[in-house]
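Asks: Structure file input05.txt, compact mmCIF, C-alpha atoms, is pasted below:
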# COMPACT_ATOMS: atom_id res chain seq x y z
CA MET E 1 2.02 -7.99 -34.47
CA ARG E 2 1.63 -4.20 -34.22
CA LEU E 3 5.31 -3.69 -33.24
CA THR E 4 6.41 -5.99 -36.07
CA THR E 5 4.39 -3.97 -38.58
CA VAL E 6 5.76 -0.63 -37.38
CA LEU E 7 9.39 -1.77 -37.45
CA LEU E 8 9.11 -3.37 -40.88
CA VAL E 9 7.46 -0.27 -42.28
CA SER E 10 10.16 1.88 -40.71
CA VAL E 11 12.87 -0.15 -42.41
CA ILE E 12 11.11 -0.18 -45.79
CA PHE E 13 10.54 3.58 -45.77
CA LEU E 14 14.09 4.68 -44.93
CA ALA E 15 14.64 8.47 -44.78
CA PHE E 16 18.21 9.61 -45.38
CA SER E 17 19.32 12.96 -44.02
CA GLN E 18 22.01 13.59 -46.63
CA GLU E 19 21.00 15.91 -49.46
CA PRO E 20 20.62 14.02 -52.78
CA ASP E 21 20.65 15.38 -56.30
CA LEU E 22 17.04 16.54 -56.55
CA THR E 23 17.33 16.93 -60.31
CA ARG E 24 16.75 13.18 -60.44
CA VAL E 25 13.13 13.80 -59.39
CA ARG E 26 12.69 16.11 -62.34
CA GLY E 27 14.31 13.41 -64.47
CA LYS E 28 11.31 11.18 -63.71
CA THR E 29 12.87 8.73 -61.29
CA ILE E 30 9.43 8.64 -59.65
CA SER E 31 6.27 8.19 -61.70
CA THR E 32 2.65 8.87 -60.89
CA GLY E 33 0.59 5.71 -61.25
CA GLU E 34 3.32 3.48 -59.81
CA LYS E 35 2.32 0.39 -57.81
CA LEU E 36 4.52 -2.03 -55.84
CA ASN E 37 3.28 -5.28 -54.27
CA TYR E 38 4.96 -7.03 -51.34
CA ARG E 39 4.66 -10.31 -49.45
CA MET E 40 5.23 -10.22 -45.69
CA TYR E 41 6.60 -13.43 -44.22
CA LEU E 42 7.54 -15.11 -40.96
CA GLY E 43 9.83 -18.06 -41.58
CA PHE E 44 8.33 -20.06 -44.46
CA PHE E 45 4.83 -18.67 -43.88
CA THR E 46 3.18 -15.74 -45.64
CA ILE E 47 1.61 -13.61 -42.91
CA GLY E 48 0.53 -10.56 -44.88
CA LYS E 49 0.67 -8.43 -47.98
CA GLY E 50 1.56 -4.82 -48.67
CA VAL E 51 0.98 -2.39 -51.53
CA THR E 52 2.53 1.02 -52.15
CA THR E 53 0.99 3.39 -54.69
CA VAL E 54 1.74 6.79 -56.17
CA ASP E 55 -1.55 8.40 -57.20
CA ARG E 56 -1.99 9.19 -60.88
CA ASN E 57 -2.87 12.79 -60.01
CA LEU E 58 -0.74 15.52 -58.43
CA TYR E 59 -2.09 17.51 -55.47
CA VAL E 60 -1.45 20.90 -53.87
CA LYS E 61 -0.57 21.29 -50.18
CA ASN E 62 0.96 24.44 -48.66
CA ASN E 63 0.81 25.90 -52.18
CA ARG E 64 3.23 23.20 -53.37
CA GLY E 65 2.78 20.41 -55.90
CA CYS E 66 2.69 17.00 -54.22
CA PHE E 67 2.70 13.30 -54.91
CA LYS E 68 0.04 11.38 -52.97
CA VAL E 69 1.73 8.22 -51.76
CA ASP E 70 -0.01 5.38 -49.89
CA ALA E 71 1.08 2.14 -48.28
CA PHE E 72 -1.54 -0.50 -47.47
CA MET E 73 -0.82 -3.56 -45.30
CA GLU E 74 -2.97 -6.41 -44.09
CA THR E 75 -2.45 -9.77 -42.46
CA LEU E 76 -3.31 -13.02 -44.22
CA GLY E 77 -4.03 -16.59 -43.20
CA ILE E 78 -3.04 -17.77 -39.75
CA ALA E 79 -1.70 -14.32 -38.82
CA THR E 80 -5.26 -12.96 -38.77
CA TRP E 81 -6.06 -15.39 -35.94
CA ILE E 82 -3.37 -13.73 -33.79
CA SER E 83 -4.09 -10.11 -34.69
CA LYS E 84 -5.91 -8.93 -37.80
CA VAL E 85 -4.12 -5.93 -39.32
CA ASN E 86 -5.49 -3.57 -41.98
CA ASP E 87 -3.41 -0.39 -42.16
CA ASN E 88 -3.06 2.61 -44.46
CA TRP E 89 -0.05 4.93 -44.15
CA GLY E 90 -0.03 7.90 -46.52
CA ALA E 91 1.52 11.28 -47.24
CA PHE E 92 1.45 14.25 -49.57
CA VAL E 93 5.09 14.60 -50.61
CA ASP E 94 6.60 17.68 -52.28
CA THR E 95 7.44 16.83 -55.90
CA SER E 96 10.64 18.92 -55.83
CA GLU E 97 12.04 18.70 -52.30
CA LEU E 98 10.44 15.36 -51.31
CA ILE E 99 9.51 16.76 -47.91
CA THR E 100 6.19 15.93 -46.23
CA HIS E 101 3.40 18.50 -46.23
CA GLU E 102 0.75 16.22 -44.76
CA SER E 103 0.76 12.63 -43.56
CA TYR E 104 -1.89 10.31 -42.20
CA ARG E 105 -2.34 6.88 -40.67
CA LYS E 106 -5.52 4.81 -40.59
CA LEU E 107 -4.73 1.74 -38.48
CA HIS E 108 -6.88 -1.26 -37.61
CA GLU E 109 -4.79 -3.80 -35.69
CA GLY E 110 -6.92 -6.18 -33.64
CA PRO E 111 -8.68 -4.04 -31.00
CA TYR E 112 -6.29 -1.14 -31.64
CA GLN E 113 -7.50 1.67 -33.93
CA LEU E 114 -6.00 5.00 -34.91
CA HIS E 115 -6.87 7.73 -37.40
CA GLU E 116 -4.18 10.41 -37.31
CA VAL E 117 -3.40 13.38 -39.55
CA ILE E 118 -0.19 15.43 -39.32
CA THR E 119 0.38 18.74 -41.09
CA TYR E 120 3.88 20.17 -41.38
CA ASP E 121 4.94 23.81 -41.21
CA HIS E 122 8.41 23.94 -42.75
CA GLU E 123 8.89 27.63 -42.03
CA LYS E 124 8.38 27.11 -38.29
CA ASP E 125 9.79 23.54 -38.21
CA GLU E 126 6.65 22.26 -36.55
CA ALA E 127 4.22 19.38 -36.94
CA SER E 128 0.57 19.62 -35.91
CA VAL E 129 -0.99 16.27 -34.98
CA VAL E 130 -4.72 15.54 -34.72
CA VAL E 131 -6.29 12.21 -33.77
CA ALA E 132 -9.87 11.17 -34.44
CA ASP E 133 -12.15 10.00 -31.65
CA LYS E 134 -12.71 6.24 -31.98
CA VAL E 135 -16.46 6.60 -31.43
CA THR E 136 -17.48 9.86 -33.11
CA GLY E 137 -14.74 10.03 -35.74
CA LYS E 138 -14.26 13.72 -35.01
CA PHE E 139 -10.74 15.07 -34.70
CA GLY E 140 -9.59 16.44 -31.35
CA LYS E 141 -7.48 19.50 -30.63
CA PRO E 142 -4.12 19.58 -32.44
CA LYS E 143 -0.86 18.99 -30.61
CA THR E 144 2.22 20.74 -31.96
CA TYR E 145 5.75 19.33 -31.93
CA ALA E 146 9.14 20.65 -33.00
CA THR E 147 10.62 18.94 -36.08
CA PRO E 148 13.99 18.84 -37.84
CA ASP E 149 14.54 21.12 -40.81
CA GLN E 150 13.18 19.70 -44.07
CA VAL E 151 11.39 16.99 -42.11
CA ARG E 152 10.05 13.83 -43.72
CA ASP E 153 7.73 11.18 -42.39
CA ILE E 154 8.30 7.48 -43.04
CA VAL E 155 6.42 7.51 -46.36
CA ALA E 156 8.33 10.53 -47.70
CA GLY E 157 11.50 8.77 -46.57
CA PHE E 158 10.68 5.97 -48.98
CA MET E 159 10.42 8.49 -51.80
CA TYR E 160 13.62 10.23 -50.74
CA LEU E 161 15.46 6.92 -50.90
CA ARG E 162 14.70 6.77 -54.60
CA ILE E 163 17.15 9.56 -55.44
CA ILE E 164 20.11 8.82 -53.15
CA ASP E 165 23.30 8.52 -55.22
CA PHE E 166 24.88 5.43 -53.68
CA SER E 167 27.87 5.69 -56.01
CA LYS E 168 29.15 8.42 -53.67
CA TYR E 169 29.43 5.99 -50.76
CA LYS E 170 32.01 3.35 -49.95
CA VAL E 171 31.33 -0.05 -48.42
CA LYS E 172 30.69 0.27 -44.66
CA ASP E 173 30.07 4.02 -44.86
CA THR E 174 27.51 5.07 -42.24
CA LEU E 175 24.47 7.12 -43.24
CA THR E 176 22.46 9.13 -40.72
CA VAL E 177 18.69 8.71 -40.70
CA SER E 178 16.27 11.31 -39.37
CA GLY E 179 12.57 12.01 -39.53
CA PHE E 180 9.35 12.45 -37.55
CA PHE E 181 7.14 9.65 -36.26
CA GLU E 182 4.13 9.81 -33.89
CA ASP E 183 5.21 12.60 -31.51
CA LYS E 184 8.95 13.06 -31.88
CA ALA E 185 11.94 13.27 -34.20
CA TYR E 186 14.09 10.17 -34.52
CA HIS E 187 17.71 9.61 -35.50
CA PHE E 188 19.56 6.37 -36.16
CA LYS E 189 22.26 5.04 -38.46
CA ILE E 190 22.49 2.75 -41.47
CA ILE E 191 25.58 1.01 -42.80
CA TYR E 192 26.01 0.74 -46.58
CA PHE E 193 27.35 -2.69 -47.62
CA GLY E 194 27.72 -2.16 -51.37
CA LYS E 195 25.92 -4.17 -54.04
CA GLU E 196 24.43 -7.66 -53.84
CA THR E 197 22.24 -9.59 -56.27
CA ILE E 198 18.97 -10.92 -54.83
CA GLU E 199 16.89 -13.87 -56.10
CA THR E 200 13.25 -12.93 -56.69
CA ASP E 201 10.19 -14.34 -58.44
CA PHE E 202 11.16 -12.22 -61.47
CA GLY E 203 14.80 -13.29 -61.60
CA LYS E 204 17.99 -11.90 -60.09
CA ILE E 205 17.91 -8.19 -59.21
CA PRO E 206 21.14 -6.24 -58.50
CA CYS E 207 20.60 -4.30 -55.26
CA TYR E 208 22.20 -1.92 -52.79
CA LYS E 209 22.55 -3.61 -49.39
CA LEU E 210 21.76 -1.57 -46.27
CA VAL E 211 21.97 -2.60 -42.61
CA PRO E 212 20.27 -0.31 -40.04
CA ILE E 213 21.83 -0.26 -36.57
CA MET E 214 18.90 -1.31 -34.42
CA PRO E 215 18.50 -0.11 -30.82
CA ASP E 216 18.19 -2.65 -28.01
CA ASN E 217 14.73 -4.23 -28.13
CA GLN E 218 12.88 -7.43 -27.33
CA LEU E 219 11.98 -8.23 -30.94
CA PHE E 220 15.17 -8.30 -33.04
CA ARG E 221 18.37 -10.26 -32.33
CA GLY E 222 21.21 -7.75 -32.21
CA GLU E 223 21.93 -4.33 -33.66
CA ASN E 224 22.68 -5.76 -37.14
CA SER E 225 19.59 -7.96 -37.25
CA VAL E 226 17.82 -6.16 -40.11
CA THR E 227 18.99 -6.00 -43.74
CA ALA E 228 17.33 -4.11 -46.61
CA TRP E 229 18.01 -4.44 -50.34
CA ILE E 230 17.18 -1.60 -52.76
CA SER E 231 17.23 -2.11 -56.53
CA ALA E 232 20.47 -0.75 -58.02
CA ASP E 233 18.88 0.85 -61.08
CA GLY E 234 16.96 3.95 -62.10
CA ASN E 235 14.06 3.08 -59.78
CA GLN E 236 15.79 2.27 -56.47
CA ILE E 237 12.72 0.52 -55.09
CA PRO E 238 12.76 -1.69 -51.96
CA VAL E 239 13.17 -5.29 -53.11
CA LYS E 240 13.52 -7.15 -49.81
CA VAL E 241 13.80 -6.59 -46.05
CA ASP E 242 14.85 -9.45 -43.77
CA ALA E 243 14.94 -9.37 -39.98
CA LYS E 244 16.45 -11.87 -37.53
CA MET E 245 13.94 -12.04 -34.70
CA PHE E 246 13.90 -14.00 -31.49
CA ILE E 247 11.00 -16.01 -32.94
CA GLY E 248 12.67 -16.56 -36.35
CA HIS E 249 13.11 -14.68 -39.63
CA ALA E 250 10.55 -12.12 -40.72
CA GLY E 251 10.45 -9.61 -43.51
CA THR E 252 8.95 -8.49 -46.77
CA GLU E 253 9.80 -9.05 -50.44
CA LEU E 254 8.70 -7.58 -53.75
CA VAL E 255 6.23 -9.79 -55.63
CA GLY E 256 4.74 -7.42 -58.19
CA PHE E 257 5.16 -4.01 -59.79
CA SER E 258 3.63 -1.75 -62.42
CA GLY E 259 3.95 1.82 -63.63
CA LEU E 260 7.70 2.16 -63.05
CA HIS E 261 9.22 4.95 -65.13
CA ASN E 262 12.41 2.97 -65.67
CA GLN E 263 12.65 -0.69 -66.55
CA LEU E 264 13.51 -2.79 -63.50
CA LYS E 265 16.97 -4.25 -63.97
CA ILE E 266 16.76 -8.06 -63.91
CA VAL E 267 19.62 -10.42 -64.77
CA ARG E 268 18.90 -14.03 -65.73
How does this structure look as structure tokens?
Replies:
Amino acid sequence: MRLTTVLLVSVIFLAFSQEPDLTRVRGKTISTGEKLNYRMYLGFFTIGKGVTTVDRNLYVKNNRGCFKVDAFMETLGIATWISKVNDNWGAFVDTSELITHESYRKLHEGPYQLHEVITYDHEKDEASVVVADKVTGKFGKPKTYATPDQVRDIVAGFMYLRIIDFSKYKVKDTLTVSGFFEDKAYHFKIIYFGKETIETDFGKIPCYKLVPIMPDNQLFRGENSVTAWISADGNQIPVKVDAKMFIGHAGTELVGFSGLHNQLKIVR
């Protein structure tokens, strides 16, 4: 269950390395007070729920104005019998550059627990990672890692996705993905498959279709086994992620939203 959670979160919070038009941030593509609700499924069964929020207040980190963005996930029903998950992934994301200044993870996944905080030094291209002791709760000595320029964690990647201008890409163009996760930088590729309309509880939502090229693993069936759909409107929020796994289909889909700055485009 832990690997499933990490991979689904990684797909939802895609971080593109190409430079977007950052004036779209100033044009209020992203709003404080935003909330998105998701259902996580395996086959026909609901196995969990997820919520992403943008705090109503702005914060200051590294002398820069920041959004505080959080993602909360927990298992439901029969999935809790296998491994009960209650996770919080969060980050302070620069309001202008959408880079990460600080990120954190508070994970409770069965017997596994982790409380981690990462601070980013963009002048030195370094990330300092501290982990809390499971018994005392006190943080240990920091470990420092090299990072790519203008680095983003998974949560900031989600925000960055909101301002990519997909009109500049052709069908089957490949986009490079980069970021920092746990203790190293990662790089993989995503294929853009144009627009596709997705059925949801709210109606039909026009979306951009993205297919990450997955590395060999024992969870997903093939390198094109995961597909993500992002709303093709002024919000560009994740609408659905579907993964072909060896044990069946799994994924997440949007089931609720509030506080969007732009009206979600829905066609009947």
Asks: For the point (4.7, 8.4, -34.2) in the file's frame, write as a count of residues only all residues with an atom no more than 12 Å away, counting all atoms listed in the file.
Replies: 26
Asks: From the set E:Gln113, E:Ser167, E:Thr53, E:Thr119, which residue has the shortest atom-to-atom contact distance to Gly194 (chain E), counting all atoms listed in the file?
Replies: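 Looking only at the distances to Gly194 (chain E), the closest residue turns out to be E:Ser167.
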Asks: One decimal, in Å: what's the spacing between CA of Val51 (chain E) and CA of Ser31 (chain E)?
Replies: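 Distance between the two atoms: 15.6 Å.
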Asks: Do you have the CA of Gln150 (chain E)-CA of Ile99 (chain E) distance handy?
Replies: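 Computing it gives 6.1 Å between the two atoms.
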Asks: Name all residues at most 12 Å from Ala232 (chain E) (count only C-alpha atoms; drop same-chain ones fewer than 5 positions away) and give them as number ranges by chain.
Replies: E: 161-167, 194-198, 204-210, 237-239, 262-267
Asks: For Thr46 (chain E), which residue among E:Thr29, E:Thr144, E:Ser258, E:Thr80 is the nearest when counting all atoms listed in the file?
Replies: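 For Thr46 (chain E), the nearest of the given residues is E:Thr80.
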